[in-house]
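Coordinates from query-v7.txt are shown below (compact mmCIF, C-alpha atoms and all ligand atoms).
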```
# COMPACT_ATOMS: atom_id res chain seq x y z
CA MET A 1 16.27 36.20 116.26
CA THR A 2 15.47 32.61 115.40
CA SER A 3 15.82 30.36 118.40
CA LEU A 4 17.71 27.20 117.60
CA GLN A 5 17.46 23.79 119.10
CA SER A 6 21.06 22.72 119.00
CA GLY A 7 20.48 18.97 119.02
CA ASP A 8 18.15 18.73 116.02
CA PRO A 9 19.84 18.65 112.59
CA GLN A 10 16.49 19.10 110.82
CA THR A 11 16.17 22.63 112.23
CA TYR A 12 19.37 23.65 110.47
CA LEU A 13 18.61 21.77 107.26
CA THR A 14 15.28 23.61 107.01
CA LEU A 15 16.86 27.01 107.72
CA ASP A 16 19.58 26.41 105.13
CA ASP A 17 17.06 25.24 102.59
CA THR A 18 14.77 28.21 103.17
CA TRP A 19 17.22 31.07 103.51
CA CYS A 20 20.43 30.10 101.74
CA ALA A 21 20.78 30.18 97.97
CA HIS A 22 20.79 26.63 96.64
CA ASN A 23 24.15 26.72 94.91
CA TYR A 24 25.37 23.58 96.74
CA HIS A 25 23.91 20.14 97.43
CA PRO A 26 25.50 19.27 100.79
CA LEU A 27 25.25 15.96 102.61
CA PRO A 28 22.73 16.22 105.49
CA VAL A 29 25.40 16.48 108.21
CA VAL A 30 25.33 19.62 110.40
CA ILE A 31 28.80 20.23 111.80
CA THR A 32 29.26 22.25 114.96
CA ALA A 33 32.87 21.53 115.98
CA ALA A 34 36.02 19.97 114.59
CA GLU A 35 39.56 19.00 115.50
CA GLY A 36 42.30 17.40 113.41
CA ALA A 37 40.76 14.87 111.04
CA TRP A 38 37.44 14.74 112.93
CA VAL A 39 34.25 16.78 112.91
CA THR A 40 31.32 16.62 115.34
CA ASP A 41 27.69 17.23 114.35
CA VAL A 42 24.94 18.91 116.36
CA THR A 43 23.82 15.55 117.78
CA GLY A 44 27.31 14.93 119.13
CA ARG A 45 28.17 12.31 116.51
CA ARG A 46 31.75 12.28 115.19
CA TYR A 47 32.81 11.79 111.57
CA LEU A 48 36.17 11.24 109.94
CA ASP A 49 36.74 14.08 107.46
CA MET A 50 38.13 12.54 104.27
CA LEU A 51 37.56 15.68 102.18
CA ALA A 52 39.35 18.34 104.25
CA GLY A 53 37.49 21.27 102.71
CA TYR A 54 38.64 20.31 99.21
CA SER A 55 42.26 20.66 100.45
CA ALA A 56 41.68 23.89 102.36
CA LEU A 57 42.27 21.89 105.55
CA ASN A 58 45.52 20.13 104.59
CA PHE A 59 46.77 20.41 108.18
CA GLY A 60 43.47 19.38 109.74
CA HIS A 61 40.85 21.36 111.59
CA ARG A 62 42.16 23.95 114.06
CA HIS A 63 45.82 22.95 113.89
CA PRO A 64 47.19 24.34 117.17
CA ASP A 65 50.08 26.23 115.51
CA LEU A 66 47.71 27.90 113.05
CA ILE A 67 45.12 28.80 115.68
CA ALA A 68 47.88 30.20 117.90
CA ALA A 69 49.21 32.39 115.07
CA ALA A 70 45.70 33.64 114.31
CA VAL A 71 44.87 34.38 117.96
CA GLU A 72 48.15 36.22 118.45
CA GLN A 73 47.55 38.35 115.38
CA LEU A 74 43.91 39.02 116.41
CA GLY A 75 45.33 40.61 119.53
CA ARG A 76 47.52 43.00 117.54
CA VAL A 77 46.21 44.21 114.16
CA THR A 78 43.94 42.51 111.60
CA LEU A 79 43.53 44.93 108.71
CA THR A 80 45.37 47.97 107.47
CA SER A 81 44.49 48.00 103.74
CA ARG A 82 47.44 48.22 101.42
CA ALA A 83 47.42 51.99 101.79
CA PHE A 84 50.03 51.42 104.53
CA HIS A 85 52.77 48.89 105.16
CA HIS A 86 52.43 46.35 107.94
CA ASP A 87 54.90 43.99 109.55
CA GLN A 88 53.41 40.70 108.30
CA LEU A 89 53.24 41.35 104.55
CA GLY A 90 56.91 41.46 103.62
CA PRO A 91 57.85 38.45 105.76
CA PHE A 92 54.87 36.47 104.34
CA CYS A 93 55.85 37.22 100.74
CA ALA A 94 59.54 36.48 101.36
CA GLU A 95 58.79 33.22 103.14
CA LEU A 96 56.27 32.05 100.53
CA ALA A 97 58.71 32.85 97.72
CA GLU A 98 61.41 30.89 99.52
CA LEU A 99 59.13 27.90 100.15
CA THR A 100 58.03 27.74 96.51
CA GLY A 101 61.37 28.66 94.94
CA THR A 102 59.90 31.74 93.30
CA GLU A 103 60.85 35.42 93.15
CA MET A 104 57.74 37.46 93.86
CA VAL A 105 54.33 37.15 95.49
CA LEU A 106 50.98 38.81 94.77
CA PRO A 107 48.66 38.17 97.74
CA MET A 108 44.92 37.85 97.15
CA ASN A 109 42.02 36.14 98.98
CA SER A 110 40.06 33.45 97.16
CA GLY A 111 41.44 30.97 94.67
CA ALA A 112 39.35 32.42 91.85
CA GLU A 113 40.85 35.84 92.54
CA ALA A 114 44.35 34.39 92.28
CA VAL A 115 43.50 32.82 88.91
CA GLU A 116 41.91 36.09 87.70
CA SER A 117 45.03 37.93 88.81
CA ALA A 118 47.32 35.48 86.99
CA VAL A 119 45.25 35.91 83.82
CA LYS A 120 45.49 39.72 84.09
CA VAL A 121 49.23 39.59 84.70
CA ALA A 122 49.79 37.19 81.79
CA ARG A 123 47.86 39.44 79.41
CA LYS A 124 49.72 42.54 80.58
CA TRP A 125 53.04 40.69 80.17
CA ALA A 126 52.03 39.64 76.65
CA TYR A 127 51.34 43.24 75.59
CA GLU A 128 54.17 44.97 77.41
CA ILE A 129 56.99 42.41 77.20
CA LYS A 130 56.22 39.81 74.54
CA GLY A 131 54.78 42.38 72.11
CA VAL A 132 51.40 40.82 71.35
CA PRO A 133 49.18 43.41 69.57
CA GLU A 134 46.66 45.05 71.94
CA ASN A 135 43.52 42.98 72.72
CA ARG A 136 44.78 39.95 70.84
CA ALA A 137 46.28 37.94 73.71
CA GLN A 138 45.12 34.34 73.98
CA ILE A 139 45.37 31.96 76.89
CA ILE A 140 45.26 28.21 76.35
CA THR A 141 43.28 26.19 78.91
CA ALA A 142 42.43 22.50 79.18
CA GLY A 143 39.17 20.63 78.81
CA GLY A 144 37.70 19.53 82.13
CA ASN A 145 39.44 22.36 83.99
CA PHE A 146 38.28 23.90 87.23
CA HIS A 147 39.76 27.27 88.13
CA GLY A 148 36.93 28.90 90.11
CA ARG A 149 33.60 30.62 89.63
CA THR A 150 34.10 34.18 88.40
CA LEU A 151 32.66 35.17 85.05
CA THR A 152 36.00 35.14 83.23
CA ILE A 153 36.88 31.77 84.72
CA VAL A 154 33.56 30.10 83.87
CA SER A 155 34.02 31.55 80.36
CA PHE A 156 36.73 28.92 79.81
CA SER A 157 35.01 26.09 81.69
CA ASP A 158 33.43 23.30 79.67
CA ASP A 159 31.21 22.16 82.52
CA PRO A 160 27.69 23.16 81.41
CA THR A 161 26.46 23.33 85.03
CA ALA A 162 29.14 25.88 85.91
CA ARG A 163 28.80 27.87 82.70
CA GLU A 164 25.28 27.91 81.28
CA HIS A 165 23.30 31.19 81.18
CA TYR A 166 26.14 33.36 82.46
CA GLY A 167 27.02 34.75 79.04
CA PRO A 168 28.18 36.85 77.33
CA TYR A 169 31.51 35.23 78.12
CA THR A 170 34.99 36.71 78.31
CA PRO A 171 36.87 36.12 75.04
CA GLY A 172 40.56 35.31 74.67
CA PHE A 173 40.66 31.66 75.74
CA VAL A 174 41.15 28.51 73.69
CA SER A 175 40.64 25.06 75.13
CA VAL A 176 42.58 21.90 74.26
CA LYS A 177 42.27 18.33 75.46
CA TYR A 178 43.99 17.83 78.84
CA GLY A 179 47.03 15.57 78.53
CA ASP A 180 47.32 15.95 74.73
CA LEU A 181 50.62 17.67 74.02
CA ASP A 182 50.17 17.78 70.24
CA ALA A 183 46.82 19.55 70.63
CA LEU A 184 48.45 22.10 72.92
CA ARG A 185 51.36 22.71 70.53
CA ASP A 186 48.92 23.16 67.62
CA ALA A 187 46.95 25.75 69.58
CA ILE A 188 49.96 28.02 70.20
CA THR A 189 50.05 31.13 67.99
CA PRO A 190 52.15 34.32 68.11
CA ASP A 191 49.32 35.82 70.20
CA THR A 192 49.48 33.14 72.90
CA ALA A 193 50.29 34.72 76.24
CA ALA A 194 50.04 31.70 78.50
CA VAL A 195 49.01 28.13 79.09
CA LEU A 196 46.91 27.71 82.24
CA LEU A 197 46.69 24.18 83.67
CA GLU A 198 46.11 22.20 86.83
CA PRO A 199 49.10 19.82 87.15
CA ILE A 200 46.54 17.26 88.36
CA GLN A 201 42.90 18.08 87.63
CA GLY A 202 41.02 18.06 90.95
CA GLU A 203 37.34 18.75 90.27
CA ALA A 204 37.54 16.68 87.08
CA GLY A 205 38.12 13.65 89.31
CA VAL A 206 41.81 13.80 90.33
CA LEU A 207 43.10 13.23 86.79
CA VAL A 208 46.85 12.73 86.50
CA PRO A 209 48.13 13.62 83.01
CA PRO A 210 50.31 11.17 81.04
CA ALA A 211 53.98 10.92 82.05
CA GLY A 212 56.06 13.64 80.41
CA TYR A 213 53.06 15.83 79.55
CA LEU A 214 53.88 18.64 81.97
CA ALA A 215 57.56 18.66 80.96
CA GLY A 216 56.36 18.80 77.36
CA VAL A 217 54.14 21.79 78.17
CA ARG A 218 57.16 23.51 79.71
CA ALA A 219 59.26 22.86 76.58
CA ALA A 220 56.50 24.12 74.26
CA CYS A 221 56.12 27.27 76.34
CA ASP A 222 59.89 27.88 76.24
CA GLU A 223 60.03 27.44 72.46
CA HIS A 224 57.26 29.96 71.83
CA ASP A 225 57.83 32.51 74.61
CA VAL A 226 54.61 31.55 76.35
CA LEU A 227 54.03 31.62 80.12
CA PHE A 228 53.20 28.39 81.95
CA ILE A 229 50.68 29.13 84.72
CA ALA A 230 50.18 26.19 87.08
CA ASP A 231 47.00 26.33 89.14
CA GLU A 232 48.15 24.58 92.34
CA ILE A 233 45.27 25.85 94.48
CA GLN A 234 44.15 22.28 95.21
CA SER A 235 47.30 20.29 94.32
CA GLY A 236 49.80 22.49 96.14
CA LEU A 237 51.04 22.86 99.72
CA GLY A 238 51.63 19.23 100.57
CA ARG A 239 48.56 17.56 99.10
CA THR A 240 50.43 15.35 96.60
CA GLY A 241 53.47 14.60 98.78
CA SER A 242 55.55 17.61 97.72
CA THR A 243 55.26 21.36 98.23
CA LEU A 244 54.00 21.77 94.66
CA ALA A 245 52.66 18.95 92.49
CA LEU A 246 54.92 20.13 89.66
CA ASP A 247 57.99 19.50 91.83
CA GLN A 248 57.53 15.77 91.25
CA GLU A 249 57.77 16.31 87.50
CA GLY A 250 60.97 18.33 87.79
CA VAL A 251 59.08 21.17 86.10
CA ARG A 252 58.92 24.85 87.04
CA ALA A 253 56.01 27.09 86.07
CA ASP A 254 56.40 30.82 85.43
CA LEU A 255 53.44 31.60 87.68
CA TYR A 256 51.68 29.45 90.25
CA THR A 257 48.30 30.13 91.81
CA LEU A 258 48.00 29.03 95.43
CA GLY A 259 45.01 29.15 97.76
CA LYS A 260 42.90 26.78 99.85
CA ALA A 261 45.44 25.37 102.37
CA LEU A 262 47.37 28.67 102.35
CA GLY A 263 44.65 30.00 104.68
CA GLY A 264 45.12 27.11 107.10
CA GLY A 265 41.40 26.34 107.03
CA ILE A 266 40.83 29.57 108.94
CA MET A 267 40.24 32.19 106.29
CA PRO A 268 40.61 32.63 102.53
CA VAL A 269 44.22 33.36 101.61
CA SER A 270 45.51 33.05 98.06
CA ALA A 271 48.47 34.25 96.05
CA VAL A 272 50.08 34.32 92.65
CA VAL A 273 53.77 33.46 92.98
CA GLY A 274 56.36 33.39 90.26
CA ARG A 275 58.92 35.20 88.14
CA ARG A 276 59.89 38.73 89.06
CA ASP A 277 59.97 39.90 85.43
CA VAL A 278 56.36 38.70 84.99
CA LEU A 279 54.72 39.86 88.24
CA GLY A 280 56.88 42.96 87.87
CA VAL A 281 54.56 44.25 85.11
CA LEU A 282 52.18 45.41 87.87
CA ARG A 283 52.74 49.03 88.87
CA PRO A 284 50.94 50.92 91.67
CA GLY A 285 47.19 51.20 91.10
CA GLN A 286 47.04 48.64 88.30
CA HIS A 287 45.68 45.79 90.44
CA GLY A 288 44.60 45.40 94.04
CA SER A 289 42.39 44.03 96.75
CA THR A 290 41.17 45.62 99.99
CA PHE A 291 41.71 42.39 101.93
CA GLY A 292 44.55 40.81 99.94
CA GLY A 293 47.68 40.52 102.08
CA ASN A 294 45.97 41.69 105.27
CA PRO A 295 47.87 41.19 108.55
CA LEU A 296 45.68 38.34 109.83
CA ALA A 297 45.88 36.47 106.50
CA CYS A 298 49.64 36.96 106.35
CA ALA A 299 50.16 35.78 109.94
CA ILE A 300 48.14 32.61 109.25
CA GLY A 301 49.90 32.12 105.91
CA ARG A 302 53.28 32.40 107.64
CA ALA A 303 52.27 29.71 110.13
CA VAL A 304 51.21 27.48 107.21
CA ILE A 305 54.60 28.06 105.56
CA THR A 306 56.34 27.16 108.84
CA LEU A 307 54.45 23.84 108.88
CA LEU A 308 55.64 23.11 105.34
CA ARG A 309 59.21 24.31 105.70
CA THR A 310 60.61 21.15 107.30
CA GLY A 311 59.16 18.85 104.62
CA GLU A 312 57.56 16.61 107.27
CA MET A 313 54.02 17.30 106.07
CA GLN A 314 54.98 16.58 102.46
CA ALA A 315 56.71 13.32 103.49
CA ARG A 316 53.73 12.29 105.58
CA SER A 317 51.38 12.95 102.66
CA ALA A 318 53.57 10.83 100.37
CA GLU A 319 53.84 7.97 102.86
CA LEU A 320 50.21 7.86 104.00
CA GLY A 321 49.17 8.54 100.40
CA ALA A 322 50.91 5.36 99.29
CA HIS A 323 48.90 3.50 101.93
CA LEU A 324 45.61 5.12 100.85
CA HIS A 325 46.31 4.26 97.20
CA ALA A 326 47.29 0.69 98.07
CA ARG A 327 44.12 0.14 100.10
CA LEU A 328 41.84 1.71 97.46
CA GLY A 329 43.73 -0.16 94.74
CA GLU A 330 42.64 -3.47 96.32
CA LEU A 331 39.04 -2.47 95.52
CA VAL A 332 39.61 -2.15 91.78
CA GLY A 333 37.44 -4.85 90.27
CA ARG A 334 35.49 -5.03 93.55
CA GLY A 335 33.32 -1.95 93.17
CA LEU A 336 35.93 0.49 91.88
CA ALA A 337 36.90 0.80 88.23
CA GLU A 338 40.05 2.86 88.74
CA VAL A 339 41.96 4.82 91.38
CA ARG A 340 43.89 7.94 90.35
CA GLY A 341 45.93 10.57 92.11
CA ARG A 342 49.07 11.18 94.06
CA GLY A 343 49.89 11.53 97.74
CA LEU A 344 46.90 11.88 100.04
CA TRP A 345 44.70 12.67 97.08
CA ALA A 346 42.69 10.01 95.32
CA GLY A 347 39.88 9.90 92.80
CA ALA A 348 38.14 6.55 93.12
CA GLU A 349 36.11 5.86 90.00
CA LEU A 350 33.06 3.72 90.78
CA ALA A 351 32.47 0.66 88.61
CA PRO A 352 29.47 1.08 86.27
CA HIS A 353 27.32 -1.45 88.19
CA VAL A 354 27.74 0.60 91.41
CA GLY A 355 26.02 3.60 89.90
CA LEU A 356 26.26 7.13 91.25
CA GLY A 357 28.60 8.47 93.91
CA ARG A 358 25.95 10.45 95.78
CA PRO A 359 24.25 7.46 97.51
CA ILE A 360 27.71 6.04 98.31
CA SER A 361 28.70 9.37 99.96
CA GLU A 362 25.43 9.31 101.93
CA GLN A 363 26.00 5.75 103.11
CA LEU A 364 29.58 6.57 104.08
CA ALA A 365 28.29 9.51 106.12
CA HIS A 366 25.93 7.09 107.90
CA ARG A 367 29.04 5.10 108.77
CA GLY A 368 30.82 8.20 110.06
CA VAL A 369 33.05 8.92 107.06
CA LEU A 370 32.73 12.16 105.08
CA VAL A 371 33.64 12.21 101.39
CA LYS A 372 32.01 13.86 98.42
CA GLU A 373 31.46 12.66 94.89
CA THR A 374 32.66 14.75 91.97
CA HIS A 375 31.23 14.44 88.45
CA ASP A 376 28.66 11.81 89.49
CA THR A 377 30.80 8.67 89.58
CA THR A 378 34.09 9.64 91.25
CA LEU A 379 34.65 9.70 95.01
CA ARG A 380 37.33 12.22 95.95
CA PHE A 381 39.49 11.40 98.94
CA ALA A 382 41.62 14.28 100.23
CA PRO A 383 42.01 13.70 103.98
CA PRO A 384 43.96 16.08 106.22
CA ILE A 385 47.67 15.22 106.25
CA VAL A 386 47.47 14.83 110.04
CA ILE A 387 45.25 11.75 109.58
CA THR A 388 46.68 8.43 110.84
CA ARG A 389 47.17 5.16 109.02
CA ALA A 390 44.52 3.52 111.22
CA GLU A 391 42.01 6.26 110.36
CA ILE A 392 42.67 5.75 106.64
CA ASP A 393 41.97 2.04 107.17
CA GLN A 394 38.77 2.90 108.99
CA ALA A 395 37.59 5.04 106.04
CA VAL A 396 38.48 2.41 103.43
CA ASP A 397 36.86 -0.34 105.52
CA ALA A 398 33.66 1.73 105.57
CA LEU A 399 33.87 2.03 101.77
CA VAL A 400 34.24 -1.76 101.52
CA ASP A 401 31.06 -2.09 103.59
CA VAL A 402 28.98 0.21 101.39
CA LEU A 403 30.18 -0.94 97.96
CA PRO A 404 27.67 -3.45 96.57
C1 LIG A 501 39.14 25.48 94.49
C2 LIG A 501 39.91 25.81 93.28
C3 LIG A 501 39.90 27.11 92.74
C4 LIG A 501 39.00 28.20 93.27
O1 LIG A 501 39.24 28.54 94.58
P1 LIG A 501 38.14 29.40 95.41
O2 LIG A 501 38.84 29.75 96.67
O3 LIG A 501 36.96 28.49 95.60
O4 LIG A 501 37.80 30.57 94.57
C5 LIG A 501 40.71 27.36 91.65
N1 LIG A 501 41.49 26.41 91.13
C6 LIG A 501 41.53 25.14 91.61
C7 LIG A 501 42.43 24.14 90.98
C8 LIG A 501 40.73 24.80 92.69
O5 LIG A 501 40.72 23.55 93.14
```

Write out the structure in this file as structure tokens.
Ligand SMILES: *Cc1c(COP(=O)(O)O)cnc(C)c1O
Amino acid sequence: MTSLQSGDPQTYLTLDDTWCAHNYHPLPVVITAAEGAWVTDVTGRRYLDMLAGYSALNFGHRHPDLIAAAVEQLGRVTLTSRAFHHDQLGPFCAELAELTGTEMVLPMNSGAEAVESAVKVARKWAYEIKGVPENRAQIITAGGNFHGRTLTIVSFSDDPTAREHYGPYTPGFVSVKYGDLDALRDAITPDTAAVLLEPIQGEAGVLVPPAGYLAGVRAACDEHDVLFIADEIQSGLGRTGSTLALDQEGVRADLYTLGKALGGGIMPVSAVVGRRDVLGVLRPGQHGSTFGGNPLACAIGRAVITLLRTGEMQARSAELGAHLHARLGELVGRGLAEVRGRGLWAGAELAPHVGLGRPISEQLAHRGVLVKETHDTTLRFAPPIVITRAEIDQAVDALVDVLP
């Protein structure tokens, strides 16, 4: 046993650096407790969390309703495997389908697993229903995408850091420019099973596609009998001011992948939701997961759905999001080049003279505000929806202080 000195961050930084694989480059803040929009480090210092676990903490840290649901379920049953029924699975699937206006739910764990599952289902649908010749199915993806870290998913990433030296890669994917409808239409062939897109690209820097693009994707998919898979793992469940980001476009996807906030910031919970005739291609034994749809995950997921059912969270995200965008918008030309996004989700592009995002994130942390840069020059703001207007002001004021 290593004995730890709880007040000294350096102890933990050294342990992490020595014993943990270096697949992240975290800010040097060692968190030991959290509540709502605030985290506390091992020295007792508090920070405003403006990242919210990349949208896994949409309802803040340890939301009392979510913790209560988890604790109650911990006292009853946590895991059965899918070899048996349990009393949380059916209600979870029914309630999630109702919330998202869909017909069927495939529960999984991580976001990447949900995307993998959607890809498998789309291929199976293409062979069994659409009639694509065996092993010919193609899925169209977009440049700049982020859908997770599995081998198949990095096979269609164009981020060299995420992709390099993991080959040979999974075939069957074609990439087109995000936001370019003509390019997408040109890429569709009789073998196209699906188009897989983020309605707003998160990791790429909170990129909102041109108006009408997503409706155009829907129309192209309808014309050519192609499935539209919307990856709403980061954009969904209240983040943009609606239950699903696509709702604001008046567009329905055939399949949606959900994750992150579905687990309430407590544990990984993901799902593919969508059309019954598409998810219906799965028969017993053809896909599965030991932990997917476990009782604890379902109980937490149901509490998340309850928080979203009244629409209050979505409305709060829209309203506070407008304030966040207005405040950040004032900084365009004063250190920021551009602010993108929707709801409580903003990508603030640093002006060229400011340089990289990393030192800005570090200086913000010194001022008690946690954000993280993405792709070098974008700061991503995705605070918990429970944040207040005054706390948003506090974070933006800190940004004003650190921008040169
Ligand atoms: C985070 C994310 C994923 C992957 O989720 P994990 O739980 O990290 O596997 C997939 N798609 C999008 C859009 C994401 O933001």

Considering all atoms listed in the file, give me a table of residues in chain A that are at most 9 Å from ligand LIG 501 (chain A), with the closest atom pair and distance in Å for each, as JSON lines.
```
{"residue": "A:Tyr54", "atom": "CA", "partner": "A:LIG501", "partner_atom": "C1", "distance": 7.0}
{"residue": "A:Ser55", "atom": "CA", "partner": "A:LIG501", "partner_atom": "O5", "distance": 8.0}
{"residue": "A:Ala56", "atom": "CA", "partner": "A:LIG501", "partner_atom": "C1", "distance": 8.4}
{"residue": "A:Asn109", "atom": "CA", "partner": "A:LIG501", "partner_atom": "O2", "distance": 7.5}
{"residue": "A:Ser110", "atom": "CA", "partner": "A:LIG501", "partner_atom": "O2", "distance": 3.9}
{"residue": "A:Gly111", "atom": "CA", "partner": "A:LIG501", "partner_atom": "O1", "distance": 3.3}
{"residue": "A:Ala112", "atom": "CA", "partner": "A:LIG501", "partner_atom": "O4", "distance": 3.6}
{"residue": "A:Glu113", "atom": "CA", "partner": "A:LIG501", "partner_atom": "O4", "distance": 6.4}
{"residue": "A:Ala114", "atom": "CA", "partner": "A:LIG501", "partner_atom": "O4", "distance": 7.9}
{"residue": "A:Val115", "atom": "CA", "partner": "A:LIG501", "partner_atom": "C5", "distance": 6.7}
{"residue": "A:Asn145", "atom": "CA", "partner": "A:LIG501", "partner_atom": "C7", "distance": 7.8}
{"residue": "A:Phe146", "atom": "CA", "partner": "A:LIG501", "partner_atom": "C6", "distance": 5.6}
{"residue": "A:His147", "atom": "CA", "partner": "A:LIG501", "partner_atom": "N1", "distance": 3.6}
{"residue": "A:Gly148", "atom": "CA", "partner": "A:LIG501", "partner_atom": "C4", "distance": 3.8}
{"residue": "A:Arg149", "atom": "CA", "partner": "A:LIG501", "partner_atom": "O4", "distance": 6.5}
{"residue": "A:Thr150", "atom": "CA", "partner": "A:LIG501", "partner_atom": "O4", "distance": 8.0}
{"residue": "A:Leu197", "atom": "CA", "partner": "A:LIG501", "partner_atom": "C7", "distance": 8.5}
{"residue": "A:Glu198", "atom": "CA", "partner": "A:LIG501", "partner_atom": "C7", "distance": 5.9}
{"residue": "A:Pro199", "atom": "CA", "partner": "A:LIG501", "partner_atom": "C7", "distance": 8.8}
{"residue": "A:Ile200", "atom": "CA", "partner": "A:LIG501", "partner_atom": "C7", "distance": 8.4}
{"residue": "A:Gln201", "atom": "CA", "partner": "A:LIG501", "partner_atom": "C7", "distance": 6.9}
{"residue": "A:Gly202", "atom": "CA", "partner": "A:LIG501", "partner_atom": "O5", "distance": 5.9}
{"residue": "A:Glu203", "atom": "CA", "partner": "A:LIG501", "partner_atom": "O5", "distance": 6.5}
{"residue": "A:Ala230", "atom": "CA", "partner": "A:LIG501", "partner_atom": "C7", "distance": 8.9}
{"residue": "A:Asp231", "atom": "CA", "partner": "A:LIG501", "partner_atom": "C7", "distance": 5.4}
{"residue": "A:Glu232", "atom": "CA", "partner": "A:LIG501", "partner_atom": "C7", "distance": 5.9}
{"residue": "A:Ile233", "atom": "CA", "partner": "A:LIG501", "partner_atom": "C6", "distance": 4.8}
{"residue": "A:Gln234", "atom": "CA", "partner": "A:LIG501", "partner_atom": "O5", "distance": 4.2}
{"residue": "A:Ser235", "atom": "CA", "partner": "A:LIG501", "partner_atom": "C7", "distance": 7.0}
{"residue": "A:Thr257", "atom": "CA", "partner": "A:LIG501", "partner_atom": "N1", "distance": 7.8}
{"residue": "A:Leu258", "atom": "CA", "partner": "A:LIG501", "partner_atom": "N1", "distance": 8.2}
{"residue": "A:Gly259", "atom": "CA", "partner": "A:LIG501", "partner_atom": "O2", "distance": 6.3}
{"residue": "A:Lys260", "atom": "CA", "partner": "A:LIG501", "partner_atom": "O2", "distance": 6.0}
{"residue": "A:Pro268", "atom": "CA", "partner": "A:LIG501", "partner_atom": "O2", "distance": 6.8}
{"residue": "A:Val269", "atom": "CA", "partner": "A:LIG501", "partner_atom": "O2", "distance": 8.1}
{"residue": "A:Ser270", "atom": "CA", "partner": "A:LIG501", "partner_atom": "O2", "distance": 7.6}
```

Write out the residues from the selection above, keeping C-alpha atoms, as a short mmCIF file (atom, residue, chain, number, x, y, z; two decimals), in the frame of the given file.
```
data_model
loop_
_atom_site.label_atom_id
_atom_site.label_comp_id
_atom_site.auth_asym_id
_atom_site.auth_seq_id
_atom_site.Cartn_x
_atom_site.Cartn_y
_atom_site.Cartn_z
CA TYR A 54 38.64 20.31 99.21
CA SER A 55 42.26 20.66 100.45
CA ALA A 56 41.68 23.89 102.36
CA ASN A 109 42.02 36.14 98.98
CA SER A 110 40.06 33.45 97.16
CA GLY A 111 41.44 30.97 94.67
CA ALA A 112 39.35 32.42 91.85
CA GLU A 113 40.85 35.84 92.54
CA ALA A 114 44.35 34.39 92.28
CA VAL A 115 43.50 32.82 88.91
CA ASN A 145 39.44 22.36 83.99
CA PHE A 146 38.28 23.90 87.23
CA HIS A 147 39.76 27.27 88.13
CA GLY A 148 36.93 28.90 90.11
CA ARG A 149 33.60 30.62 89.63
CA THR A 150 34.10 34.18 88.40
CA LEU A 197 46.69 24.18 83.67
CA GLU A 198 46.11 22.20 86.83
CA PRO A 199 49.10 19.82 87.15
CA ILE A 200 46.54 17.26 88.36
CA GLN A 201 42.90 18.08 87.63
CA GLY A 202 41.02 18.06 90.95
CA GLU A 203 37.34 18.75 90.27
CA ALA A 230 50.18 26.19 87.08
CA ASP A 231 47.00 26.33 89.14
CA GLU A 232 48.15 24.58 92.34
CA ILE A 233 45.27 25.85 94.48
CA GLN A 234 44.15 22.28 95.21
CA SER A 235 47.30 20.29 94.32
CA THR A 257 48.30 30.13 91.81
CA LEU A 258 48.00 29.03 95.43
CA GLY A 259 45.01 29.15 97.76
CA LYS A 260 42.90 26.78 99.85
CA PRO A 268 40.61 32.63 102.53
CA VAL A 269 44.22 33.36 101.61
CA SER A 270 45.51 33.05 98.06
#
```

Atom CA of Arg239 of chain A to atom CA of Leu27 of chain A measures 23.6 Å

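When all atoms listed in the file are used to compute distances to Gly172 of chain A, the closest of the residues A:Thr14, A:Gln248, A:Thr43, A:Thr192 turns out to be A:Thr192.
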
Fill in: One-decimal distance in Å that lies between atom CA of Ile129 of chain A and atom CA of Tyr213 of chain A
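Interatomic distance here is 27.0 Å.
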
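Counting all atoms listed in the file, the residue from A:His61, A:Arg276, A:His287, A:Arg136 that sits nearest to Asp49 of chain A is A:His61.
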
I'd like the neighbourhood of segment 295-311 of chain A as an NGL selection string, where a residue qualifies if any of its atoms comes within 8 Å (using all atoms listed in the file), though same-chain residues fewer than 4 positions away should be ignored. :A and (65-66 or 69-70 or 73-74 or 77-80 or 86-89 or 91-92 or 95-96 or 99 or 237-238 or 242-243 or 261-264 or 266-269 or 315)

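Atom CA of Ala318 of chain A is positioned 20.3 Å from atom CA of Leu331 of chain A.
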
Could you tell me which of A:Val121, A:Asp401, A:Ala34, A:Gln286 comes closest to His366 of chain A if we count only C-alpha atoms?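 Of A:Val121, A:Asp401, A:Ala34, A:Gln286, the one nearest His366 of chain A is A:Asp401, counting only C-alpha atoms.
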
Practice task
Skip Arg46 of chain A itself and residues of its chain fewer than 5 positions away, then list as a list in words all residues within 12 Å of it, counting all atoms listed in the file.
Solution key: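 Everything that qualifies: Val29, Val30, Ile31, Thr32, Ala33, Ala34, Glu35, Gly36, Ala37, Trp38, Val39, Thr40, Asp41, Ala365, His366, Arg367, Gly368, Val369 and Leu370 of chain A.
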
message: Please list as a list in words every residue within 6 Å of Leu336 of chain A, counting only C-alpha atoms and excluding residues in the same chain fewer than 2 positions away.
response: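 Near neighbours after the sequence-gap exclusion: Leu331, Val332, Gly333, Arg334, Glu338, Glu349, Leu350 and Ala351 of chain A.
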
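Nearest to Gly131 of chain A of all the residues A:Val226, A:Tyr47, A:Ser81, A:Ile188 is A:Val226, counting all atoms listed in the file.
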
As JSON, please report the centre and edge lengths, rounded to one decimal in Å, of the axis-aligned box that holds all listed atoms of segment 169-177 of chain A with 6 Å of padding on each of the six sides.
```
{"center_x": 37.0, "center_y": 27.5, "center_z": 76.0, "size_x": 23.1, "size_y": 30.4, "size_z": 16.6}
```
